[in-house]
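Enquirer: For reference, this is work.txt, and it has compact mmCIF, C-alpha atoms.
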```
# COMPACT_ATOMS: atom_id res chain seq x y z
CA MET A 1 113.61 75.29 55.10
CA ALA A 2 113.64 76.36 58.75
CA LYS A 3 110.40 75.80 60.60
CA ILE A 4 108.65 78.56 62.53
CA ASN A 5 107.21 78.28 66.02
CA ASP A 6 103.57 77.65 65.10
CA ASN A 7 102.44 78.65 68.57
CA TYR A 8 102.82 82.30 67.58
CA LEU A 9 100.10 81.76 64.99
CA LYS A 10 97.64 80.91 67.77
CA LEU A 11 97.69 84.50 68.99
CA LYS A 12 94.34 86.01 68.11
CA ALA A 13 95.58 89.49 67.20
CA GLY A 14 98.53 91.81 67.39
CA TYR A 15 99.75 92.78 70.84
CA LEU A 16 97.38 95.32 72.37
CA PHE A 17 99.59 98.40 72.46
CA PRO A 18 100.92 98.17 68.88
CA GLU A 19 97.28 98.03 67.72
CA ILE A 20 96.52 101.17 69.73
CA GLY A 21 99.57 102.81 68.18
CA ARG A 22 98.42 101.89 64.69
CA ARG A 23 94.98 103.46 65.17
CA VAL A 24 96.45 106.62 66.69
CA ARG A 25 98.95 107.00 63.84
CA GLU A 26 96.21 106.67 61.24
CA PHE A 27 94.04 109.23 63.02
CA SER A 28 96.93 111.67 63.46
CA ALA A 29 97.92 111.36 59.80
CA ALA A 30 94.36 112.15 58.74
CA ASN A 31 93.98 114.94 61.34
CA PRO A 32 97.40 116.64 61.62
CA ALA A 33 96.00 119.63 63.52
CA ALA A 34 94.52 117.50 66.30
CA LYS A 35 96.31 117.64 69.67
CA VAL A 36 96.18 114.02 70.77
CA ILE A 37 96.62 113.42 74.51
CA ARG A 38 97.85 109.94 75.36
CA LEU A 39 96.61 108.35 78.57
CA GLY A 40 96.76 104.81 77.26
CA ILE A 41 100.06 103.01 77.55
CA GLY A 42 101.58 103.17 81.03
CA ASP A 43 104.68 105.11 80.00
CA VAL A 44 106.10 107.68 82.38
CA THR A 45 106.54 111.36 81.48
CA ARG A 46 108.45 112.88 84.42
CA PRO A 47 112.28 113.15 84.24
CA LEU A 48 114.48 110.95 86.37
CA ALA A 49 114.96 112.16 89.93
CA PRO A 50 118.05 114.42 90.22
CA ALA A 51 119.87 112.09 92.63
CA VAL A 52 119.21 109.16 90.33
CA LEU A 53 120.38 111.08 87.28
CA LYS A 54 123.58 112.14 89.05
CA ALA A 55 124.36 108.51 89.95
CA PHE A 56 123.72 107.57 86.32
CA HIS A 57 126.13 110.25 85.08
CA ASP A 58 128.76 109.37 87.67
CA ALA A 59 128.60 105.71 86.67
CA VAL A 60 129.05 106.60 83.01
CA ASP A 61 132.09 108.68 84.00
CA ASP A 62 133.42 105.63 85.85
CA LEU A 63 133.55 103.84 82.52
CA ALA A 64 135.96 106.50 81.24
CA THR A 65 138.58 105.75 83.89
CA THR A 66 140.94 102.83 84.25
CA ASP A 67 140.48 102.56 88.01
CA LYS A 68 136.66 102.52 88.01
CA PHE A 69 135.91 100.91 84.66
CA ALA A 70 133.37 98.07 84.91
CA GLY A 71 133.01 95.34 82.31
CA TYR A 72 130.98 92.20 82.88
CA GLY A 73 129.28 92.33 86.24
CA PRO A 74 127.58 89.45 88.07
CA GLU A 75 124.71 88.22 85.92
CA GLN A 76 122.31 88.25 88.86
CA GLY A 77 123.19 91.85 89.78
CA TYR A 78 125.69 93.66 91.98
CA ASP A 79 125.47 92.92 95.69
CA TRP A 80 125.46 96.64 96.56
CA LEU A 81 122.17 97.09 94.65
CA ILE A 82 120.58 93.87 95.88
CA ASN A 83 121.47 94.64 99.50
CA ALA A 84 120.16 98.21 99.18
CA ILE A 85 116.81 96.88 97.98
CA ILE A 86 116.65 94.30 100.75
CA GLU A 87 117.53 96.86 103.44
CA LYS A 88 115.44 99.80 102.21
CA SER A 89 112.46 98.13 100.53
CA TYR A 90 111.92 94.72 102.13
CA LYS A 91 113.20 94.92 105.71
CA PRO A 92 110.84 97.80 106.61
CA LEU A 93 108.00 95.42 105.67
CA GLY A 94 109.32 92.79 108.07
CA VAL A 95 110.58 90.69 105.17
CA SER A 96 114.01 89.04 105.43
CA LEU A 97 115.67 87.95 102.19
CA LYS A 98 119.06 86.55 101.29
CA THR A 99 121.23 88.23 98.68
CA GLU A 100 121.17 84.98 96.71
CA GLU A 101 117.37 85.12 96.47
CA MET A 102 117.22 88.37 94.48
CA PHE A 103 118.08 88.77 90.80
CA ILE A 104 118.45 92.14 89.03
CA SER A 105 117.17 92.23 85.46
CA ASP A 106 116.44 94.60 82.59
CA GLY A 107 112.72 94.79 83.41
CA SER A 108 109.86 92.80 84.87
CA LYS A 109 108.10 92.36 81.51
CA CYS A 110 111.02 90.19 80.41
CA ASP A 111 111.08 88.41 83.76
CA CYS A 112 107.38 87.52 83.65
CA ALA A 113 108.04 85.85 80.30
CA ASN A 114 111.45 84.34 80.97
CA ILE A 115 110.44 82.69 84.23
CA LEU A 116 108.55 80.13 82.17
CA ASP A 117 111.90 78.70 81.05
CA ILE A 118 112.32 76.88 84.37
CA PHE A 119 108.82 75.40 84.55
CA GLY A 120 107.72 72.23 82.80
CA MET A 121 105.27 72.38 79.92
CA ASP A 122 102.77 70.13 81.67
CA ASN A 123 102.05 72.70 84.41
CA VAL A 124 98.49 74.04 84.47
CA VAL A 125 98.42 77.84 84.61
CA ALA A 126 95.73 80.07 86.16
CA ILE A 127 95.50 83.67 84.95
CA GLY A 128 93.22 86.51 85.99
CA ASP A 129 90.82 88.01 83.46
CA PRO A 130 91.33 90.88 82.73
CA VAL A 131 95.05 91.19 83.39
CA TYR A 132 98.37 92.23 81.88
CA PRO A 133 98.42 90.52 78.43
CA VAL A 134 102.03 89.32 78.72
CA TYR A 135 101.05 86.54 81.14
CA ASN A 136 98.63 84.97 78.70
CA ASP A 137 100.50 85.58 75.46
CA THR A 138 103.85 84.20 76.63
CA ASN A 139 102.20 80.95 77.67
CA VAL A 140 100.68 80.74 74.20
CA MET A 141 104.04 81.43 72.57
CA ILE A 142 105.86 78.62 74.36
CA GLY A 143 103.18 76.11 73.46
CA ARG A 144 101.46 75.53 76.80
CA THR A 145 98.00 76.33 75.46
CA GLY A 146 95.63 75.05 72.83
CA GLU A 147 93.74 77.22 70.37
CA ALA A 148 91.59 80.17 71.45
CA ASP A 149 87.81 79.98 71.43
CA ASP A 150 85.47 82.67 70.13
CA LYS A 151 85.78 84.66 73.36
CA GLY A 152 89.57 84.62 73.27
CA TYR A 153 90.11 82.00 75.99
CA TYR A 154 92.88 79.53 75.20
CA ALA A 155 92.51 75.84 75.88
CA ASN A 156 94.59 74.44 78.76
CA VAL A 157 94.58 77.74 80.68
CA VAL A 158 92.38 78.30 83.73
CA TYR A 159 90.92 81.81 83.58
CA LEU A 160 89.83 83.52 86.79
CA PRO A 161 87.28 86.27 86.07
CA CYS A 162 87.90 89.58 87.86
CA THR A 163 84.65 91.49 87.73
CA GLU A 164 82.82 94.22 89.59
CA ALA A 165 80.85 91.48 91.36
CA ASN A 166 83.98 90.08 93.06
CA GLY A 167 85.72 93.43 93.49
CA PHE A 168 88.08 92.58 90.61
CA ILE A 169 89.83 90.02 92.83
CA PRO A 170 89.71 86.48 91.41
CA SER A 171 88.22 83.57 93.29
CA LEU A 172 90.34 80.54 94.15
CA PRO A 173 90.51 77.95 91.35
CA THR A 174 87.99 75.13 91.48
CA GLN A 175 90.29 72.78 89.59
CA LYS A 176 93.89 71.71 90.06
CA VAL A 177 96.45 74.28 88.89
CA ASP A 178 100.22 74.49 89.29
CA ILE A 179 101.05 78.15 88.57
CA ILE A 180 98.95 81.16 89.57
CA TYR A 181 99.52 84.69 88.30
CA LEU A 182 98.56 87.47 90.74
CA CYS A 183 99.08 91.18 90.06
CA PHE A 184 98.52 93.69 92.87
CA PRO A 185 98.16 96.63 92.66
CA ASN A 186 96.42 95.33 89.59
CA ASN A 187 97.06 96.25 86.00
CA PRO A 188 94.59 97.15 84.49
CA THR A 189 91.90 97.53 87.19
CA GLY A 190 93.97 99.48 89.73
CA THR A 191 92.56 97.40 92.58
CA VAL A 192 94.53 96.00 95.52
CA ALA A 193 94.37 92.92 97.73
CA SER A 194 94.33 92.97 101.53
CA LYS A 195 96.55 90.79 103.69
CA ALA A 196 93.56 88.57 104.44
CA GLU A 197 92.87 88.11 100.73
CA LEU A 198 96.50 87.30 99.92
CA LYS A 199 96.64 84.91 102.87
CA LYS A 200 93.89 82.86 101.21
CA TRP A 201 96.02 82.55 98.09
CA VAL A 202 99.19 81.67 99.96
CA ASP A 203 97.39 79.05 102.03
CA TYR A 204 95.83 77.63 98.88
CA ALA A 205 99.17 77.49 97.08
CA ASN A 206 100.91 75.74 99.96
CA ALA A 207 98.07 73.26 100.42
CA ASN A 208 97.95 72.43 96.71
CA ASP A 209 101.66 72.58 95.78
CA CYS A 210 101.22 75.63 93.54
CA VAL A 211 103.65 78.42 92.75
CA ILE A 212 102.39 82.00 92.76
CA PHE A 213 103.88 84.49 90.30
CA PHE A 214 103.30 87.76 92.16
CA ASP A 215 103.68 90.87 90.00
CA ALA A 216 104.26 93.83 92.34
CA ALA A 217 105.35 96.31 89.67
CA TYR A 218 103.12 99.04 91.14
CA GLU A 219 103.69 98.50 94.86
CA ALA A 220 105.28 101.93 95.30
CA PHE A 221 101.95 103.56 94.44
CA ILE A 222 100.09 102.06 97.39
CA THR A 223 98.75 104.77 99.71
CA ASN A 224 96.75 102.65 102.18
CA PRO A 225 99.07 101.53 105.01
CA GLU A 226 96.99 98.37 105.50
CA ILE A 227 97.70 97.07 101.99
CA PRO A 228 100.75 94.76 101.63
CA HIS A 229 103.52 95.83 99.27
CA SER A 230 104.99 92.33 98.97
CA ILE A 231 103.58 88.82 98.93
CA TYR A 232 106.28 87.94 101.47
CA GLU A 233 104.47 89.97 104.11
CA ILE A 234 102.14 86.96 104.22
CA GLU A 235 103.20 84.04 106.39
CA GLY A 236 104.15 81.03 104.29
CA ALA A 237 104.68 82.98 101.04
CA LYS A 238 108.41 82.28 100.88
CA LYS A 239 107.54 78.62 100.35
CA CYS A 240 105.29 79.20 97.35
CA ALA A 241 105.78 82.62 95.71
CA ILE A 242 108.10 84.28 93.19
CA GLU A 243 107.86 88.07 93.17
CA PHE A 244 108.52 90.49 90.32
CA ARG A 245 109.24 94.20 90.77
CA SER A 246 110.11 96.99 88.39
CA PHE A 247 111.87 100.35 88.43
CA SER A 248 109.95 101.38 85.30
CA LYS A 249 107.02 103.15 86.93
CA THR A 250 108.47 103.51 90.43
CA ALA A 251 111.53 105.49 89.30
CA GLY A 252 110.76 106.38 85.68
CA PHE A 253 112.96 103.66 84.20
CA THR A 254 110.73 102.73 81.26
CA GLY A 255 113.51 103.80 78.90
CA VAL A 256 116.36 102.86 81.24
CA ARG A 257 115.25 99.26 81.97
CA CYS A 258 115.75 97.66 85.35
CA GLY A 259 113.70 95.19 87.35
CA LEU A 260 114.12 92.39 89.83
CA VAL A 261 112.91 88.91 90.64
CA VAL A 262 112.84 87.34 94.09
CA VAL A 263 113.06 83.53 94.07
CA PRO A 264 113.23 82.25 97.66
CA GLU A 265 115.29 79.12 98.14
CA GLU A 266 112.29 77.38 99.74
CA VAL A 267 110.16 77.51 96.58
CA MET A 268 110.31 73.98 95.25
CA GLY A 269 109.21 72.02 92.23
CA THR A 270 109.52 68.37 91.36
CA THR A 271 111.59 66.62 88.72
CA SER A 272 110.11 64.12 86.28
CA THR A 273 111.07 61.39 88.77
CA GLY A 274 109.36 63.14 91.69
CA GLU A 275 112.40 64.61 93.46
CA ARG A 276 112.05 68.10 94.98
CA TYR A 277 114.30 70.80 93.52
CA SER A 278 114.70 74.51 94.26
CA PHE A 279 113.54 76.92 91.58
CA ASN A 280 116.17 79.34 92.89
CA LYS A 281 118.95 77.08 91.57
CA LEU A 282 117.24 76.77 88.21
CA TRP A 283 116.72 80.53 87.87
CA LEU A 284 120.36 81.16 88.78
CA ARG A 285 121.44 78.75 86.04
CA ARG A 286 119.03 80.27 83.54
CA THR A 287 120.22 83.80 84.41
CA THR A 288 123.92 83.04 84.21
CA THR A 289 123.44 81.21 80.91
CA LYS A 290 121.11 83.56 79.04
CA PHE A 291 121.77 86.99 80.54
CA ASN A 292 124.85 89.17 81.04
CA GLY A 293 123.26 91.45 83.62
CA ALA A 294 121.78 94.93 83.62
CA SER A 295 124.37 97.57 82.78
CA TYR A 296 126.60 99.05 85.45
CA PRO A 297 125.30 102.66 85.05
CA VAL A 298 121.69 101.45 85.22
CA GLN A 299 122.33 99.54 88.44
CA ARG A 300 124.13 102.54 89.97
CA ALA A 301 121.11 104.68 89.08
CA ALA A 302 118.79 102.07 90.57
CA ALA A 303 120.76 102.01 93.82
CA ALA A 304 120.44 105.80 94.05
CA VAL A 305 116.65 105.41 94.17
CA TYR A 306 117.14 104.01 97.69
CA SER A 307 119.38 106.80 98.94
CA GLU A 308 117.73 109.25 101.34
CA GLU A 309 117.60 112.03 98.77
CA GLY A 310 116.84 109.71 95.88
CA TRP A 311 113.81 108.17 97.56
CA LYS A 312 112.48 111.55 98.65
CA GLN A 313 112.67 112.81 95.06
CA THR A 314 111.25 109.56 93.66
CA LYS A 315 108.33 109.70 96.09
CA GLU A 316 107.55 113.24 94.93
CA ILE A 317 107.25 111.95 91.36
CA ILE A 318 104.99 109.09 92.47
CA ASP A 319 102.81 111.60 94.34
CA TYR A 320 102.60 113.70 91.17
CA TYR A 321 101.19 110.76 89.22
CA MET A 322 98.78 109.85 92.02
CA GLU A 323 97.43 113.41 92.00
CA ASN A 324 96.85 112.92 88.27
CA ALA A 325 94.94 109.76 89.12
CA ARG A 326 92.76 111.67 91.57
CA ILE A 327 92.01 114.33 88.97
CA ILE A 328 90.96 111.71 86.42
CA ARG A 329 88.92 109.64 88.86
CA GLU A 330 87.03 112.51 90.43
CA GLY A 331 86.56 114.35 87.15
CA LEU A 332 84.93 111.38 85.46
CA ARG A 333 82.72 110.68 88.45
CA GLU A 334 81.37 114.25 88.14
CA VAL A 335 79.70 113.25 84.86
CA GLY A 336 78.41 109.93 86.15
CA VAL A 337 81.16 107.59 84.96
CA THR A 338 81.67 104.57 87.22
CA CYS A 339 85.38 104.37 88.11
CA PHE A 340 87.60 101.96 90.01
CA GLY A 341 91.27 102.13 91.02
CA GLY A 342 93.29 105.32 91.01
CA VAL A 343 93.80 105.28 94.81
CA ASP A 344 96.58 102.73 95.34
CA ALA A 345 97.56 102.44 91.67
CA PRO A 346 98.17 104.83 88.77
CA TYR A 347 95.35 103.35 86.66
CA ILE A 348 91.68 104.24 86.52
CA TRP A 349 89.37 101.44 85.37
CA LEU A 350 86.03 102.79 84.17
CA LYS A 351 82.79 101.39 82.83
CA THR A 352 82.17 102.44 79.25
CA PRO A 353 79.12 104.74 79.10
CA GLY A 354 75.89 103.46 77.60
CA GLY A 355 77.11 99.89 77.30
CA MET A 356 79.55 100.72 74.50
CA THR A 357 82.15 98.14 73.58
CA SER A 358 85.62 99.03 74.79
CA TRP A 359 87.01 99.50 71.26
CA ASP A 360 84.02 101.65 70.26
CA PHE A 361 84.69 103.83 73.29
CA PHE A 362 88.38 103.96 72.31
CA ASP A 363 87.41 105.26 68.86
CA LYS A 364 84.95 107.74 70.37
CA LEU A 365 87.54 109.23 72.70
CA LEU A 366 90.15 109.34 69.94
CA THR A 367 87.98 110.93 67.26
CA GLU A 368 85.75 113.17 69.39
CA CYS A 369 88.04 114.08 72.30
CA ASN A 370 91.47 113.37 70.80
CA VAL A 371 92.28 111.36 73.92
CA VAL A 372 93.90 107.91 73.89
CA GLY A 373 93.10 105.24 76.48
CA THR A 374 93.21 101.46 76.52
CA PRO A 375 90.24 99.20 75.67
CA GLY A 376 89.43 96.81 78.48
CA SER A 377 88.88 93.88 76.15
CA GLY A 378 92.58 94.02 75.28
CA PHE A 379 93.28 92.71 78.78
CA GLY A 380 90.94 89.74 78.47
CA PRO A 381 87.31 88.92 77.66
CA SER A 382 86.11 90.01 81.11
CA GLY A 383 87.52 93.45 80.36
CA GLU A 384 84.86 94.07 77.73
CA GLY A 385 82.71 97.05 78.66
CA TYR A 386 85.58 98.67 80.59
CA PHE A 387 88.37 101.08 79.74
CA ARG A 388 91.73 101.99 81.31
CA LEU A 389 93.15 105.48 81.66
CA SER A 390 96.72 106.02 82.84
CA ALA A 391 97.85 108.73 85.25
CA PHE A 392 101.32 108.83 83.67
CA GLY A 393 100.86 112.15 81.91
CA HIS A 394 101.81 115.80 82.19
CA ARG A 395 99.47 117.58 84.61
CA GLU A 396 98.24 120.12 82.08
CA ASN A 397 97.45 117.35 79.59
CA VAL A 398 95.63 115.30 82.22
CA ILE A 399 93.46 118.27 83.18
CA GLU A 400 92.72 119.08 79.55
CA ALA A 401 91.90 115.45 78.71
CA VAL A 402 89.48 115.17 81.62
CA GLU A 403 87.74 118.41 80.61
CA ARG A 404 87.40 117.18 77.02
CA ILE A 405 85.89 113.89 78.16
CA LYS A 406 83.53 115.57 80.63
CA LYS A 407 82.30 117.98 77.97
CA ASN A 408 81.73 115.11 75.53
CA LEU A 409 79.84 112.93 78.01
CA LYS A 410 77.59 115.59 79.54
```
How does this structure look as structure tokens?
Expert:
Amino acid sequence: MAKINDNYLKLKAGYLFPEIGRRVREFSAANPAAKVIRLGIGDVTRPLAPAVLKAFHDAVDDLATTDKFAGYGPEQGYDWLINAIIEKSYKPLGVSLKTEEMFISDGSKCDCANILDIFGMDNVVAIGDPVYPVYNDTNVMIGRTGEADDKGYYANVVYLPCTEANGFIPSLPTQKVDIIYLCFPNNPTGTVASKAELKKWVDYANANDCVIFFDAAYEAFITNPEIPHSIYEIEGAKKCAIEFRSFSKTAGFTGVRCGLVVVPEEVMGTTSTGERYSFNKLWLRRTTTKFNGASYPVQRAAAAVYSEEGWKQTKEIIDYYMENARIIREGLREVGVTCFGGVDAPYIWLKTPGGMTSWDFFDKLLTECNVVGTPGSGFGPSGEGYFRLSAFGHRENVIEAVERIKKNLK
């Protein structure tokens, strides 16, 4: 009989968002008249920008003609999309990248997991706590970790607490690590890191031969001009960092699927015999072997995001969500709730009132306010006592949800 991958059995519970979905379905089935407002999962609600949608339609029409039909494209993405991103998104930051250093994908969630394919199993990984669960769970799934303890920490992983005391920015590891996950603007806390803070991490990585996995999925939501949008704005980062970006929240592609990975040629690892080797070459081989590329219409739509009209329309959608974030943040503060984030990120990270556990507060909001959020403990043990609300909602629903919560907590 075929053997299973026993590492999956180490996972302490079901993935966070399916568990939220299960509880909401049970409540809705028992209370069919309840109007449930969902501010939990970070799924967008605004339609695609008109310029992006037109490019999508035009690309589909291309597939109906002999002259413009596109079959297999380059696995790492079309040059016209890669070059548009480099010119419109990176060069204005003072970042110079080669076409060969960028890879277009079907989403950064997949990339954050798949990147582990090109790293040896004996690497020691450092992960923030709390943070996006995919980082932790994918390392468990491939067998890098031991079993979890009672708190939910897995053996062989270095956890870096992100708490109110340190501004939700982890401290440098005190033990030797090889891979460091950083996510800014942060999911779930909504906090950001300054250039000075990121410089400490880049200097540490270069001094200790580490590789930084930098998840910049929410960089388009940054409003403070002093906050870096890319790790490569930091001197020395191209020697030690791999960056992930996503069109999901930036351009509403959660159901369209498109992301990108930047793997600079200078980022090196060592072979089992101690020779230095570029991770860029390994990721190219992995991509061309295991992936056939994001679809042609999706990449045409993604390129339209960077057109003059496309970016103007996309920015208007981002501003809409950030106004939602302001409404949530300021509304909750009116009734004494301690909130973080929501300024340079579309997430509000709040302290649960009265010392409630995060799942108890989830149930309270669901049953008493008919509002869905995300329990902080689902992002890691240090997330206990906190709760995440998402700004990715319809304005009228966001306003109504905030009023329901305020009324309940007064």
Enquirer: When you count all atoms listed in the file, which of these residues is closest to A:Tyr72: A:Ser377, A:Thr174, A:Gln299, A:Asn292?
Expert: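 With all atoms listed in the file as the atom set, the closest residue is A:Asn292.
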Enquirer: Write out as an MDAnalysis selection string the residues lying within 9 Å of A:Val157, counting only C-alpha atoms and excluding same-chain residues fewer than 4 positions away.
Expert: chainID A and resid 124:127 136 139 144:146 153
Enquirer: Which residue is closest to A:Phe213? Choose from A:Ala345, A:Ile104, A:Cys112, A:Leu172 and count only C-alpha atoms.
Expert: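 Closest to A:Phe213, using only C-alpha atoms: A:Cys112.
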Enquirer: Rounded to one decimal place, report the atom CA of A:Asn114-atom CA of A:Phe244 distance in Å.
Expert: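 Atom CA of A:Phe244 lies 11.6 Å from atom CA of A:Asn114.
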Enquirer: Give me the residues near A:Lys12 as a list in words, where near means some atom within 10 Å (using all atoms listed in the file) and where sequence neighbours in that chain fewer than 6 positions away do not count.
Expert: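 The residues satisfying every condition are Asp137, Glu147, Ala148, Asp149, Asp150, Gly152, Tyr153 and Tyr154 of chain A.
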Enquirer: Between A:Cys110, A:Met356, A:Met322, A:Ile118, which residue has the minimum interatomic distance to A:Tyr277, considering only C-alpha atoms?
Expert: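 So, comparing all the options, the nearest one is A:Ile118.
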Enquirer: Set the distance at 7 Å and use all atoms listed in the file: which residues neighbour stretch 181-197 of chain A once local chain neighbours fewer than 6 positions away are removed? I'd like the list as a list of chain:residue names.
Expert: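 So the residues in contact are A:Ala126, A:Ile127, A:Gly128, A:Val131, A:Tyr132, A:Phe168, A:Ile212, A:Phe213, A:Phe214, A:Asp215, A:Ala216, A:Tyr218, A:Glu219, A:Ile227, A:Pro228, A:Ile234, A:Phe340, A:Gly341, A:Gly342, A:Asp344, A:Ala345, A:Pro346, A:Tyr347, A:Ile348, A:Trp349, A:Arg388.
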Enquirer: With all atoms listed in the file as the atoms that count, which of A:His229, A:Arg276, A:Lys199, A:Lys88 lies nearest to A:Tyr306?
Expert: A:Lys88
Enquirer: Please list as an mmCIF file with C-alpha atoms, in the coordinates of the input every residue within 12 Å of A:Asp360, counting all atoms listed in the file and excluding residues in the same chain fewer than 3 positions away.
Expert:
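Produced file part-v2.cif, reproduced below:
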```
data_model
loop_
_atom_site.group_PDB
_atom_site.id
_atom_site.type_symbol
_atom_site.label_atom_id
_atom_site.label_comp_id
_atom_site.auth_asym_id
_atom_site.auth_seq_id
_atom_site.Cartn_x
_atom_site.Cartn_y
_atom_site.Cartn_z
ATOM 1 C CA THR A 352 82.170 102.440 79.250
ATOM 2 C CA PRO A 353 79.120 104.740 79.100
ATOM 3 C CA GLY A 354 75.890 103.460 77.600
ATOM 4 C CA GLY A 355 77.110 99.890 77.300
ATOM 5 C CA MET A 356 79.550 100.720 74.500
ATOM 6 C CA THR A 357 82.150 98.140 73.580
ATOM 7 C CA ASP A 363 87.410 105.260 68.860
ATOM 8 C CA LYS A 364 84.950 107.740 70.370
ATOM 9 C CA LEU A 365 87.540 109.230 72.700
ATOM 10 C CA LEU A 366 90.150 109.340 69.940
ATOM 11 C CA THR A 367 87.980 110.930 67.260
ATOM 12 C CA GLU A 368 85.750 113.170 69.390
ATOM 13 C CA GLY A 373 93.100 105.240 76.480
ATOM 14 C CA THR A 374 93.210 101.460 76.520
ATOM 15 C CA PRO A 375 90.240 99.200 75.670
ATOM 16 C CA GLY A 376 89.430 96.810 78.480
ATOM 17 C CA SER A 377 88.880 93.880 76.150
ATOM 18 C CA GLU A 384 84.860 94.070 77.730
ATOM 19 C CA GLY A 385 82.710 97.050 78.660
ATOM 20 C CA TYR A 386 85.580 98.670 80.590
ATOM 21 C CA PHE A 387 88.370 101.080 79.740
#
```
Enquirer: How many Å lie between atom CA of A:Leu198 and atom CA of A:Ile169, rounded to one decimal?
Expert: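 Here the two named atoms are 10.1 Å from each other.
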Enquirer: Taking (118.0, 85.9, 97.1) as a centre in this file's frame and 9 Å as the limit, can you find every polymer residue with an atom that close, using all atoms listed in the file, and give them as JSON, numbers by chain?
Expert: {"A": [82, 97, 98, 99, 100, 101, 102, 103, 261, 262, 263, 264, 265, 280]}
Enquirer: Kindly give the distance, in Å, that separates atom CA of A:Ala301 and atom CA of A:Asp111, rounded to a single decimal.
Expert: 19.8 Å
Enquirer: Which is closest to A:Arg286 among A:Glu87, A:Ile41, A:Gln76, A:Ile242, if we use only C-alpha atoms?
Expert: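 That would be A:Gln76, the residue with the smallest distance to A:Arg286.
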Enquirer: Which residues are close to A:Leu409, i.e. within 9 Å by all atoms listed in the file, leaving aside same-chain residues fewer than 4 positions away? Reply as an MDAnalysis selection string.
Expert: chainID A and resid 335:337 353 404:405
